[in-house]
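Enquirer: Structure in structure tokens, see below.
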Amino acid sequence: MRRATIWDIRRFPEDAAARVASGTAGGYHAGMNTSPTRLLIHGASGRMGQALLRLAGTEPGPYQVVAAVTRRTPSPRVVDGVPHFAASELAGVPAFDVAIDFSLPEGFDPVLALCVERKAALVSGTTGISATQQQALSVAAAAIPLVWATNFSLGVAVLAEIVERASAALPGWDVDVVESHHVHKKDAPSGTALTLGQAAGSAGAQVHYASLRAGDIVGEHTVQFAGLGERIELTHRATHRDIFARGALHVASRLQGRAAGAYQVRDLLD
Ligand code: NAD
């Protein structure tokens, strides 16, 4: 068993070389725009904003951050060549293709309005937005392409698809979603657990939830399907918050140039 694992690892460089030769390495996809996607990072001083600024320079895209927006007046005004703006200066930011917003609900309305006004796409991971803000998103989707999601991990998007498939194929099985997070997380079940539960219940199953809060767990979600004499457990484990920033960047590059509409992360995986 271990030998098979080692063989797989050693084969990887050959796979990588083949993917580079065929132009499919680094997430490249057919028809992908090779001119940089011009990004506005909203919530730039936060944990997610900082990860986005750091990863925009290294993730395949390519990306060009043209503006970083923070709640208060930034100092210094330019960091690594990226101009920084206060939230009150939003109207004056330069032209951009996609705004990536990881801020707070009170910062959400202005960035949504700006994207509609500029006819730019919006990728938002801001959680806790109100029903009125959800409604505003639906209205905006008639004018611009946008994604709002509680989890930008590409792995979770794939898991949701697998869960939906399993749910359809296993009518009558018991379905449970078990999630674990660090002790500081207040909401339970997590937004991701609810999204997975929705996928798990799409074929009519009654889904139950269990939440654990312990240590510094970044995020773990297991969807369990239990039948008579057998059980399936589908698990996603997040070990680093960068996965959300990487996912948001990936989605931003796929969203640019699309027709107006509300997309999900899973619509933009390729
Ligand atoms: P954080 O507290 O570290 O950062 C919040 C940022 O928002 C700060 O830069 C702050 O200045 C900015 N901000 C606050 N009010 C603002 C306003 N009115 N206008 C402009 N900017 C404003 O938080 P974080 O950990 O970076 O998370 C940010 C958001 O993203 C939260 O809602 C969090 O729940 C969410 N989040 C979503 C995902 C996902 O995958 N969807 C992943 C991680 C975090």
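To be explicit about the labels: the chains of the structure tokens are called A, B, and onward in the order shown, and within each one the residues are counted from 1, while ligands get numbers from 1 in the order they are shown.
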Just want the 12 Å neighbourhood of Gly46 of chain A, counted on only C-alpha atoms, with same-chain residues fewer than 4 positions away dropped. Output as a ChimeraX atom specification.

Expert: /A:41-42,50-53,68-72,101-104,126,245

Enquirer: Using only C-alpha atoms and all ligand atoms, which protein or nucleic acid residues are at most 9 Å from ligand 1, as a count of residues only?

Expert: 50

Enquirer: Could you tell me which of A:Gly155, A:Val265, A:Leu112, A:Gly197 comes closest to Gln135 of chain A if we count only C-alpha atoms?

Expert: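 That would be A:Leu112, the residue with the smallest distance to Gln135 of chain A.
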
Enquirer: Counting only C-alpha atoms, which of A:Ser75, A:Thr239, A:Ser138, A:Thr132 gets nearest to Ala260 of chain A?

Expert: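 Closest to Ala260 of chain A of all the choices is A:Ser138.
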
Enquirer: Mind listing the helix (DSSP H, G or I) residues of segment 143-259 of chain A, per DSSP on the backbone, as a ChimeraX atom specification?

Expert: /A:154-169,191-200,242-255

Enquirer: Convert the current residue selection to file output with C-alpha atoms, as a compact mmCIF listing (two decimals), in the first residue's frame.

Expert:
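The result, stored in result-v3.txt:
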# COMPACT_ATOMS: atom_id res chain seq x y z
CA LEU A 154 -13.11 24.36 -4.36
CA GLY A 155 -12.96 21.06 -2.44
CA VAL A 156 -16.22 21.83 -0.65
CA ALA A 157 -17.86 22.73 -3.97
CA VAL A 158 -16.88 19.32 -5.34
CA LEU A 159 -18.01 17.63 -2.11
CA ALA A 160 -21.46 19.24 -2.46
CA GLU A 161 -21.79 17.75 -5.94
CA ILE A 162 -20.79 14.29 -4.70
CA VAL A 163 -23.21 14.57 -1.77
CA GLU A 164 -26.08 15.50 -4.09
CA ARG A 165 -25.32 12.49 -6.26
CA ALA A 166 -25.15 10.15 -3.23
CA SER A 167 -28.38 11.56 -1.87
CA ALA A 168 -30.23 10.87 -5.12
CA ALA A 169 -28.87 7.31 -5.27
CA GLY A 191 -22.92 27.92 6.87
CA THR A 192 -20.98 25.22 5.02
CA ALA A 193 -22.75 22.47 6.97
CA LEU A 194 -26.08 23.99 5.99
CA THR A 195 -25.02 24.19 2.32
CA LEU A 196 -23.93 20.53 2.40
CA GLY A 197 -27.15 19.63 4.23
CA GLN A 198 -29.13 21.30 1.47
CA ALA A 199 -27.28 19.17 -1.11
CA ALA A 200 -27.76 16.05 1.05
CA ASP A 242 -5.76 30.28 2.22
CA ILE A 243 -8.07 27.80 0.48
CA PHE A 244 -10.89 30.36 0.66
CA ALA A 245 -8.73 33.11 -0.87
CA ARG A 246 -7.48 30.75 -3.60
CA GLY A 247 -11.06 29.70 -4.36
CA ALA A 248 -12.23 33.32 -4.53
CA LEU A 249 -9.40 34.20 -6.95
CA HIS A 250 -10.20 31.16 -9.08
CA VAL A 251 -13.88 32.15 -9.20
CA ALA A 252 -12.99 35.78 -10.02
CA SER A 253 -11.02 34.78 -13.12
CA ARG A 254 -13.89 32.55 -14.34
CA LEU A 255 -16.58 35.13 -13.62

Enquirer: Quick one: pick out all strand (DSSP E) residues within segment 140-231 of chain A from a backbone DSSP run and write them as a PyMOL selection string.

Expert: chain A and resi 145-148+174-181+207-213+219-227+230-231

Enquirer: Quick check, in Å to one decimal: how far apart do atom CA of Arg266 of chain A and atom CA of Ser35 of chain A lie?

Expert: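 That distance, rounded to one decimal, is 23.8 Å.
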
Enquirer: Set the distance at 8 Å and use only C-alpha atoms: which residues neighbour Tyr263 of chain A once local chain neighbours fewer than 2 positions away are removed? I'd like the list as a ChimeraX atom specification.

Expert: /A:145-148,261,265,267-268

Enquirer: Nearest to Cys115 of chain A among A:Val207, A:Leu40, A:Val183, A:Val79, with distances taken over only C-alpha atoms: which residue is it?

Expert: A:Leu40

Enquirer: If we count only C-alpha atoms, what is near Glu233 of chain A at a cut-off of 7 Å, once residues fewer than 2 positions away on the same chain are taken out, given as a PyMOL selection string?

Expert: chain A and resi 222-225+231+235
